[in-house]
Amino acid sequence: MSKQEFTLTVYTENQIGLLNRIAIIFSRRKINIESLNTSSTEVEGIHRFTIVIHETEEVVKKLSRQIEKQVEVLRAYYNNNEEIVWQEMAMYKVPTDEIAEKVKVERLLRQYGARAVVIRKDYTIFEATGHREETDKLISVLEPYGLLEFVRSGRVAIIKATRGFHEKLKEFEKRQPGEEVVENEFLNRKDEVFSM
Amino acid sequence: MSTTTTAPKKVVEEKATTKPTTSISGSVAVLEAFLAEGVDTIFGYPGGAIMPIYDALYDYQDKLKHILVRHEQGGIHAAQGYARTSGRVGVVFATSGPGATNLVTGLADAMIDSTPVVAITGQVFAHLLGTDAFQETDVINITTPVTKWNYQVTDATEIPAVLAKAFYIAKSGRPGPVLIDITKNAQLQKFDYAGYEKCDHVRSYRAKPNVRKEYIEEAAQLINSAEKPFVLFGQGVILGKAENEFRKFIEKSGIPAAATILGLSALTTDHPLHVGMLGMHGNYGPNVLTNECDVLIAVGMRFDDRVTGRLDKYAKQAKVVHLDIDPAEIDKNVKATVPVWGDCKETLPLLTELVESKVYPQWLQRFRDHQQQEEEACIHAELNPTTEQMTMGEVIKTLNELTKGDAVIVTDVGQHQMVACRYAKFTQSKSNVTSGGLGTMGFALPAAIGAKFGAPERTVVAIIGDGGFQMTLQELGTIMQCGIQVKILILNNQFLGMVRQWQQLFHDRRYSFVDITSPDFVQLAKAYHIEGASISERTGLEGALKKMLEHDGSYLLEVMVGKENNVFPMVPQGCSVAEIRLK
Ligand SMILES: Cc1ncc(C[n+]2csc(CCOP(=O)(O)OP(=O)(O)O)c2C)c(N)n1
């Protein structure tokens with residue numbers, strides 16, 4: 001099995017120390033985390049980790065089981081890039097006089113869907129959202145104009161085939177779980193979403 | 001990583017309560033929780049940051065027995081031994097900083113061997129956290145990889161709910177160690193206590209996966225069509241209290257069964273379908289025939305590398321049915337043809353109902369033939385030696401004859417552990433206490449103390465090497481002070497034997513720092529007012545063991561054994577189980 005990019009979506013309680021518990025599942029196996037983002041979800045009190053790694057599916061499956069085993073993790077899904085819609089946000093700081101003089105920049109920015117968030121006398125900050133290749137390309141485009149600083153956020157992703165977490169959470173809150181709670185990958189093989 | 005806007009959840013959700021409350025301290029709340037959870041024994045060691053809890057304990061001495069150990073590692077190993085023989089949660093106290101870090105080896109041991117333990121550590125005042133205060137250490141982060149769950153309490157009102165959660169998580173599902181770190185202010189803080197409510201549900205945690213009937217049916221079909229089925233059983237059977245269910249399953253299906261080291265005693269050793277032990281120093285038949293069976297049924301075991309040998313040559317011909325409570329174990333090392341998720345206490349009876357009643361005389365005979373070969377190649381000489389020096393095997397054999405297999409055998413780590421586990425007879429469950437996954441030298445002496453508290457009516461024999469004994473021998477002080485009866489059997493080969501064996505076999509006999517000198521163990525025991533003897537002649541063996549067992553009190557017996565004996569059979573590292581060497 002060859003390595004490819006996978007996105008893990010992990011639903012958790014909002015608990016101090018959980019980030020460490022999840023991170024060491026990767027570091028213990030010497031696996032590099034390409035990007036990591038945490039945020040709240042549509043359900044109050046439930047948090048969501050979005051983790052990108054480059055690994056084989058077999059390894060990713062095992063990792064997601066180890067993650068799901070953690071007491072405060074409700075669910076861990078893993079998906080390849082076809083199964084999700086994702087974005088990353090990047091910011092670029094460039095000297096204002098450089099770009100003000102060169103009209104070409106404006107066209108370039110339009111081409112890459114970037115917009116200015118701050119314009120000062122000394123510098124201007126642009127922001128662009130997209131896939132990594134797109135935000136990367138804008139770096140090389142801006143470099144000739146004296147790019148001062150660049151930063152990119154972690155990936156945020158939405159799984160195409162899920163319908164949010166509200167219903168699942170109700171199941172979790174039941175003392176006697178229904179059949180749904182622990183999905184079995186052997187039964188769900190045909191589904192688009194792999195879980196556990 | 002982006003930051004979040006909402007405050008992290010506390011374990012206690014504030015809820016309006018109508019129950020009458022009393023004002024108690026956080027420390028008292030800890031002890032009340034213990035009483036509600038049925039704790040009777042605490043192993044521990046005091047210090048500055050846990051003093052309020054010890055102060056509260058002063059008034060609970062009639063209800064809670066506290067055993068003062070000599071080192072926190074001893075405390076947690078004792079709690080593990082207690083859990084392993086009693087089937088209940090072991091409890092240990094330690095102070096902050098060095099007290100807490102001394103627990104780490106035991107936590108790792110309990111984690112890998114799925115032992116239910118609740119460790120309570122004191123912590124500096126909450127306002128000092130992160131200031132490098134005296135005896136402050138980041139216990140939560142240090143212990144995260146070696147605990148099933150851990151939590152830091154800084155507010156006493158959280159204590160009842162946190163402890164309820166701790167006990168529930170430690171013992172439910174696949175058990176494991178839980179550590180609760182309590183800051184000193186929370187121990188001192190008074191709050192309105194409305195009583196203790198046990199926890200039976202944590203929404204983000206499923207103790208056990210739902211049983212899927214389809215898989216039970218598929219597994220039964222596979223088993224019913226097998227010609228050479230083979231069962232492997234692990235500690236899951238004991239942890240699930242499913243010994244009877246397991247016995248009924250193999251008796252109806254007629255399938256030969258072999259134990260992992262931690263599975264030993266789940267089935268009585270002399271059961272006609274018990275074909276021995278798996279693993280690097282396990283029996284010949286179970287190892288070789290793993291690579292010949294057509295259906296392999298693994299019950300509550302995790303295919304550790306010491307069991308599988310080289311994984312890409314492990315049971316490749318077999319279809320695998322894997323029964324386990326932990327979904328993360330399925331397919332982790334060995335791919336399951338049919339995954340039977342669930343508690344084996346529930347899944348085994350369902351499976352037993354569907355399997356046909358059968359016998360496999362020819363297949364079973366294969367195990368007997370291999371047993372015979374092993375007997376001739378190594379067992380006979382080990383148990384009936386003609387050498388001048390004694391063997392470890394004959395000591396265990398004589399011990400078996402005297403205890404009739406009724407004793408709890410606690411072993412340390414090394415050659416004596418392998419020999420004891422190979423030859424000890426067990427007539428009842430929860431009788432084999434050893435550090436299997438972590439291989440922690442120094443485990444046996446403190447674990448034996450805990451094992452005796454966990455099963456006070458039983459004889460507890462700690463079998464220890466001359467090396468391992470010197471790692472935690474300070475616990476003789478604990479034995480002396482609490483007056484517990486532990487039989488200590490040191491098998492002294494004057495070497496770090498297991499390492500020496502590897503150096504002999506794989507490093508051209510270059511004995512690099514394995515020659516270990518020992519003090520006079522009998523004199524040492526005497527200094528702790530523990531009786532003892534040392535023997536080096538075979539003629540004295542039976543009498544000496546008898547004296548040890550019959551002595552009213554703890555007793556240390558040192559038996560001098562051959563210096564350079566090796567444990568065989570052996571699956572050399574990097575070899576397949578079928579390549580097991582008889583010599
Ligand atoms: C804490 C710890 N340190 C080192 C080891 C490595 N080790 C495994 S077996 C062994 C030798 C044990 O010698 P001894 O206690 O005399 O027992 P024997 O093998 O001679 O029976 C050693 C050093 C270990 N398992 N645990």
# chains A, B, ... in the order shown; residues from 1 in each chain; ligands from 1
$ residues_around --residues "Ile33 in chain A" --least-positions-apart "4" --cutoff "9 Å" --atoms "only C-alpha atoms" --output "MDAnalysis selection string"
chainID A and resid 23 26:27 51:54
$ residues_around --residues "His322 in chain B" --least-positions-apart "5" --cutoff "7 Å" --atoms "only C-alpha atoms" --output "PyMOL selection string"
chain B and resi 297-299+330+336+338-340
$ write_last_selection --atoms "N, CA and C atoms" --output "CSV table (one decimal), in the first residue's frame"
chain,number,residue,atom,x,y,z
B,297,ILE,N,-8.2,-19.4,16.6
B,297,ILE,CA,-9.2,-18.7,17.4
B,297,ILE,C,-8.5,-18.0,18.6
B,298,ALA,N,-8.4,-16.7,18.5
B,298,ALA,CA,-7.6,-16.0,19.6
B,298,ALA,C,-8.7,-15.3,20.5
B,299,VAL,N,-8.6,-15.6,21.8
B,299,VAL,CA,-9.5,-15.1,22.7
B,299,VAL,C,-8.8,-14.2,23.8
B,330,ILE,N,-7.9,-5.5,17.1
B,330,ILE,CA,-8.3,-6.3,15.9
B,330,ILE,C,-7.5,-5.7,14.7
B,336,ALA,N,-7.5,-10.2,11.1
B,336,ALA,CA,-8.6,-11.2,11.4
B,336,ALA,C,-9.5,-11.5,10.2
B,338,VAL,N,-12.4,-13.1,10.8
B,338,VAL,CA,-13.6,-12.7,11.4
B,338,VAL,C,-13.3,-12.0,12.7
B,339,PRO,N,-13.7,-10.7,12.8
B,339,PRO,CA,-13.4,-10.0,14.1
B,339,PRO,C,-14.6,-10.1,15.0
B,340,VAL,N,-14.4,-10.7,16.1
B,340,VAL,CA,-15.6,-10.8,17.1
B,340,VAL,C,-15.3,-9.8,18.2
$ residues_near_ligand --ligand "ligand 1" --cutoff "6 Å" --atoms "only C-alpha atoms and all ligand atoms" --output "NGL selection string"
:B and (413-416 or 439-441 or 465-468 or 493 or 495-499)
$ interface_residues --of "chain A" --to "chain B" --cutoff "6 Å" --atoms "only C-alpha atoms" --output "CSV table (one decimal) with N, CA and C atoms, in the first residue's frame"
chain,number,residue,atom,x,y,z
A,14,ASN,N,-14.2,18.8,25.1
A,14,ASN,CA,-13.3,19.9,25.3
A,14,ASN,C,-12.5,19.8,26.6
A,15,GLN,N,-11.4,19.0,26.5
A,15,GLN,CA,-10.7,18.7,27.8
A,15,GLN,C,-9.2,19.1,27.7
A,36,LEU,N,-2.4,20.5,11.7
A,36,LEU,CA,-3.4,20.2,12.8
A,36,LEU,C,-4.2,21.4,13.1
A,37,ASN,N,-5.5,21.3,13.2
A,37,ASN,CA,-6.3,22.4,13.5
A,37,ASN,C,-7.4,21.9,14.6
A,38,THR,N,-7.7,22.7,15.5
A,38,THR,CA,-8.8,22.4,16.4
A,38,THR,C,-9.8,23.5,16.3
A,39,SER,N,-11.1,23.1,16.5
A,39,SER,CA,-12.1,24.2,16.5
A,39,SER,C,-13.3,23.6,17.2
A,65,ARG,N,-8.0,4.1,15.1
A,65,ARG,CA,-8.6,3.3,16.2
A,65,ARG,C,-7.9,3.6,17.5
A,66,GLN,N,-6.6,3.9,17.5
A,66,GLN,CA,-5.9,4.3,18.7
A,66,GLN,C,-6.4,5.6,19.3
A,71,VAL,N,-10.3,8.0,26.1
A,71,VAL,CA,-11.5,8.2,26.8
A,71,VAL,C,-12.3,9.4,26.3
A,72,GLU,N,-11.7,10.5,26.1
A,72,GLU,CA,-12.4,11.7,25.7
A,72,GLU,C,-12.7,11.9,24.2
A,73,VAL,N,-12.3,10.9,23.5
A,73,VAL,CA,-12.6,11.0,22.0
A,73,VAL,C,-13.9,10.3,21.7
A,74,LEU,N,-14.8,11.0,21.0
A,74,LEU,CA,-16.1,10.4,20.7
A,74,LEU,C,-16.0,9.6,19.4
A,172,PHE,N,-24.5,8.7,21.7
A,172,PHE,CA,-23.4,8.6,22.7
A,172,PHE,C,-23.9,8.9,24.1
A,173,GLU,N,-24.9,9.7,24.2
A,173,GLU,CA,-25.4,10.1,25.5
A,173,GLU,C,-26.3,9.0,26.1
$ select_by_dssp --residues "range 408-479 of chain B" --states "strand (DSSP E)" --output "list in words"
Val408, Ile409, Val410, Thr411, Asn432, Val433, Thr434, Val460, Val461, Ala462, Ile463, Ile464 and Gly465 of chain B
$ residues_around --residues "His529 in chain B" --least-positions-apart "4" --cutoff "10 Å" --atoms "only C-alpha atoms" --output "number ranges by chain"
B: 476-477, 479-481, 523-525, 554-555
$ write_last_selection --atoms "all heavy atoms" --output "CSV table (one decimal), in the first residue's frame"
chain,number,residue,atom,x,y,z
B,476,LEU,N,11.3,-5.6,51.6
B,476,LEU,CA,11.3,-6.4,52.8
B,476,LEU,C,10.9,-5.7,54.0
B,476,LEU,O,10.3,-6.2,55.0
B,476,LEU,CB,12.7,-7.0,53.0
B,476,LEU,CG,13.3,-8.0,52.0
B,476,LEU,CD1,14.7,-8.3,52.2
B,476,LEU,CD2,12.4,-9.3,52.0
B,477,GLY,N,11.2,-4.4,54.0
B,477,GLY,CA,10.8,-3.5,55.1
B,477,GLY,C,9.2,-3.4,55.3
B,477,GLY,O,8.7,-3.4,56.4
B,479,ILE,N,7.2,-5.8,54.3
B,479,ILE,CA,6.7,-7.1,54.8
B,479,ILE,C,6.9,-7.1,56.3
B,479,ILE,O,6.0,-7.6,57.0
B,479,ILE,CB,7.5,-8.2,54.1
B,479,ILE,CG1,7.2,-8.2,52.6
B,479,ILE,CG2,7.3,-9.6,54.7
B,479,ILE,CD1,8.0,-9.2,51.8
B,480,MET,N,8.1,-6.7,56.7
B,480,MET,CA,8.4,-6.7,58.2
B,480,MET,C,7.3,-5.9,58.9
B,480,MET,O,6.8,-6.3,59.9
B,480,MET,CB,9.8,-6.1,58.4
B,480,MET,CG,10.1,-5.8,59.8
B,480,MET,SD,11.8,-5.1,60.0
B,480,MET,CE,11.5,-3.5,59.2
B,481,GLN,N,7.0,-4.7,58.4
B,481,GLN,CA,6.2,-3.8,59.2
B,481,GLN,C,4.7,-4.3,59.2
B,481,GLN,O,4.0,-4.2,60.2
B,481,GLN,CB,6.3,-2.4,58.7
B,481,GLN,CG,5.6,-1.4,59.6
B,481,GLN,CD,6.0,0.0,59.2
B,481,GLN,OE1,6.8,0.3,58.4
B,481,GLN,NE2,5.4,1.0,59.9
B,523,GLN,N,21.0,-13.4,55.6
B,523,GLN,CA,21.3,-12.4,56.6
B,523,GLN,C,20.5,-11.1,56.4
B,523,GLN,O,20.1,-10.5,57.3
B,523,GLN,CB,22.8,-12.0,56.5
B,523,GLN,CG,23.8,-13.0,57.0
B,523,GLN,CD,23.6,-13.3,58.5
B,523,GLN,OE1,23.3,-12.3,59.3
B,523,GLN,NE2,23.7,-14.5,58.9
B,524,LEU,N,20.4,-10.8,55.1
B,524,LEU,CA,19.6,-9.6,54.8
B,524,LEU,C,18.2,-9.7,55.3
B,524,LEU,O,17.6,-8.8,55.9
B,524,LEU,CB,19.6,-9.4,53.3
B,524,LEU,CG,19.0,-8.1,52.7
B,524,LEU,CD1,19.9,-6.9,52.9
B,524,LEU,CD2,18.6,-8.3,51.2
B,525,ALA,N,17.6,-10.9,55.0
B,525,ALA,CA,16.2,-11.1,55.5
B,525,ALA,C,16.2,-11.0,57.0
B,525,ALA,O,15.2,-10.5,57.6
B,525,ALA,CB,15.7,-12.5,55.0
B,554,SER,N,6.4,-14.8,56.9
B,554,SER,CA,7.2,-14.7,55.6
B,554,SER,C,8.4,-15.4,55.7
B,554,SER,O,8.9,-15.7,56.8
B,554,SER,CB,7.5,-13.2,55.3
B,554,SER,OG,6.3,-12.6,54.9
B,555,TYR,N,9.0,-15.8,54.6
B,555,TYR,CA,10.2,-16.7,54.6
B,555,TYR,C,10.9,-16.5,53.3
B,555,TYR,O,10.3,-16.3,52.2
B,555,TYR,CB,9.7,-18.1,54.7
B,555,TYR,CG,10.9,-19.1,55.1
B,555,TYR,CD1,11.1,-19.4,56.4
B,555,TYR,CD2,11.6,-19.7,54.1
B,555,TYR,CE1,12.2,-20.3,56.8
B,555,TYR,CE2,12.7,-20.6,54.4
B,555,TYR,CZ,12.9,-20.9,55.8
B,555,TYR,OH,13.9,-21.7,56.1
$ select_by_dssp --residues "range 321-458 of chain B" --states "helix (DSSP H, G or I)" --output "PyMOL selection string"
chain B and resi 327-329+344-354+361-383+392-403+415-423+444-454
$ residues_around --residues "Lys19 in chain B" --least-positions-apart "6" --cutoff "10 Å" --atoms "only C-alpha atoms" --output "compact mmCIF listing (two decimals) with all heavy atoms, in the first residue's frame"
# COMPACT_ATOMS: atom_id res chain seq x y z
N TYR B 193 -20.80 18.69 50.31
CA TYR B 193 -20.74 17.35 49.74
C TYR B 193 -22.14 16.73 49.78
O TYR B 193 -22.77 16.66 50.83
CB TYR B 193 -19.76 16.52 50.57
CG TYR B 193 -19.63 15.07 50.19
CD1 TYR B 193 -19.10 14.70 48.96
CD2 TYR B 193 -19.99 14.06 51.09
CE1 TYR B 193 -18.94 13.37 48.63
CE2 TYR B 193 -19.83 12.72 50.77
CZ TYR B 193 -19.31 12.38 49.53
OH TYR B 193 -19.15 11.05 49.21
N ALA B 194 -22.60 16.31 48.62
CA ALA B 194 -23.97 15.77 48.54
C ALA B 194 -23.98 14.26 48.41
O ALA B 194 -24.97 13.67 48.01
CB ALA B 194 -24.70 16.41 47.38
N GLY B 195 -22.87 13.62 48.76
CA GLY B 195 -22.82 12.17 48.65
C GLY B 195 -22.12 11.74 47.37
O GLY B 195 -21.79 12.56 46.52
$ residues_around --residues "Glu564 in chain B" --least-positions-apart "6" --cutoff "12 Å" --atoms "only C-alpha atoms" --output "count of residues only"
24
$ residues_around --residues "range 116-125 of chain A" --least-positions-apart "5" --cutoff "9 Å" --atoms "only C-alpha atoms" --output "tab-separated table (two decimals) with N, CA and C atoms, in the first residue's frame"
chain	number	residue	atom	x	y	z
A	91	MET	N	-1.50	33.98	4.71
A	91	MET	CA	-1.34	35.44	4.71
A	91	MET	C	0.06	35.78	4.23
A	92	TYR	N	0.15	36.90	3.50
A	92	TYR	CA	1.41	37.33	2.88
A	92	TYR	C	1.62	38.80	3.20
A	93	LYS	N	2.82	39.10	3.68
A	93	LYS	CA	3.13	40.51	3.97
A	93	LYS	C	4.13	41.00	2.93
A	94	VAL	N	3.78	42.08	2.23
A	94	VAL	CA	4.66	42.62	1.16
A	94	VAL	C	4.83	44.12	1.34
A	95	PRO	N	5.99	44.67	0.95
A	95	PRO	CA	6.19	46.13	1.07
A	95	PRO	C	5.19	46.88	0.17
A	96	THR	N	4.51	47.84	0.74
A	96	THR	CA	3.45	48.53	0.00
A	96	THR	C	3.99	49.28	-1.22
A	97	ASP	N	5.16	49.95	-1.05
A	97	ASP	CA	5.67	50.73	-2.19
A	97	ASP	C	5.99	49.85	-3.39
A	99	ILE	N	4.53	46.99	-4.34
A	99	ILE	CA	3.36	46.55	-5.10
A	99	ILE	C	2.55	47.71	-5.66
A	148	LEU	N	7.76	39.73	2.57
A	148	LEU	CA	8.40	39.88	3.88
A	148	LEU	C	8.10	38.73	4.82
$ atom_distance --atom1 "CA of Thr12 in chain A" --atom2 "CA of Ala166 in chain B"
18.4 Å
$ residues_around --residues "Thr115 in chain B" --least-positions-apart "4" --cutoff "9 Å" --atoms "only C-alpha atoms" --output "PyMOL selection string"
chain B and resi 80+83-84+89-90+109-111+170-171+174-177+239
$ decode --residues "range 95-162 of chain B" --atoms "C-alpha atoms" --output "short mmCIF file (atom, residue, chain, number, x, y, z; two decimals), in the first residue's frame"
data_model
loop_
_atom_site.label_atom_id
_atom_site.label_comp_id
_atom_site.auth_asym_id
_atom_site.auth_seq_id
_atom_site.Cartn_x
_atom_site.Cartn_y
_atom_site.Cartn_z
CA THR B 95 3.25 12.67 46.80
CA SER B 96 4.12 15.16 44.07
CA GLY B 97 7.43 15.38 42.20
CA PRO B 98 9.66 12.40 42.95
CA GLY B 99 6.82 10.45 44.53
CA ALA B 100 4.80 10.74 41.36
CA THR B 101 7.70 10.05 38.98
CA ASN B 102 8.49 6.90 40.97
CA LEU B 103 5.09 5.59 39.88
CA VAL B 104 5.87 5.77 36.19
CA THR B 105 7.33 2.26 35.74
CA GLY B 106 4.33 0.72 37.47
CA LEU B 107 1.88 2.76 35.43
CA ALA B 108 3.56 1.62 32.22
CA ASP B 109 3.47 -1.95 33.47
CA ALA B 110 -0.22 -1.71 34.37
CA MET B 111 -0.99 -0.05 31.05
CA ILE B 112 0.57 -2.75 28.90
CA ASP B 113 -0.80 -5.58 31.06
CA SER B 114 -4.30 -4.02 31.34
CA THR B 115 -4.30 -3.89 35.14
CA PRO B 116 -6.96 -1.75 36.86
CA VAL B 117 -5.20 0.71 39.16
CA VAL B 118 -6.17 4.12 40.50
CA ALA B 119 -3.16 6.24 41.48
CA ILE B 120 -3.68 9.41 43.50
CA THR B 121 -0.83 11.91 43.51
CA GLY B 122 -0.55 15.09 45.51
CA GLN B 123 0.36 18.24 43.62
CA VAL B 124 1.56 21.70 44.63
CA PHE B 125 -1.00 24.42 45.29
CA ALA B 126 -2.86 25.40 42.11
CA HIS B 127 -1.47 28.93 42.17
CA LEU B 128 2.06 27.50 42.03
CA LEU B 129 1.47 25.30 38.97
CA GLY B 130 4.05 26.07 36.32
CA THR B 131 6.34 28.06 38.62
CA ASP B 132 8.87 25.26 39.21
CA ALA B 133 7.68 25.14 42.79
CA PHE B 134 9.28 22.77 45.28
CA GLN B 135 8.49 19.18 44.22
CA GLU B 136 6.40 20.34 41.32
CA THR B 137 6.51 18.12 38.30
CA ASP B 138 4.22 17.93 35.30
CA VAL B 139 2.74 14.59 36.29
CA ILE B 140 -0.18 14.74 33.90
CA ASN B 141 2.04 15.11 30.87
CA ILE B 142 4.64 12.64 32.11
CA THR B 143 2.00 9.98 32.66
CA THR B 144 -0.23 10.58 29.65
CA PRO B 145 1.30 7.81 27.50
CA VAL B 146 1.15 5.30 30.37
CA THR B 147 -2.37 5.87 31.67
CA LYS B 148 -5.75 4.94 30.27
CA TRP B 149 -6.96 8.27 31.62
CA ASN B 150 -5.55 10.98 33.87
CA TYR B 151 -6.88 14.21 35.28
CA GLN B 152 -5.71 17.06 37.45
CA VAL B 153 -8.10 18.32 40.11
CA THR B 154 -7.67 21.90 41.31
CA ASP B 155 -11.10 22.34 42.87
CA ALA B 156 -12.44 20.03 45.59
CA THR B 157 -15.99 20.09 44.27
CA GLU B 158 -14.80 17.99 41.36
CA ILE B 159 -13.42 15.19 43.52
CA PRO B 160 -16.47 12.92 43.93
CA ALA B 161 -17.31 12.88 40.23
CA VAL B 162 -13.68 12.61 39.11
#
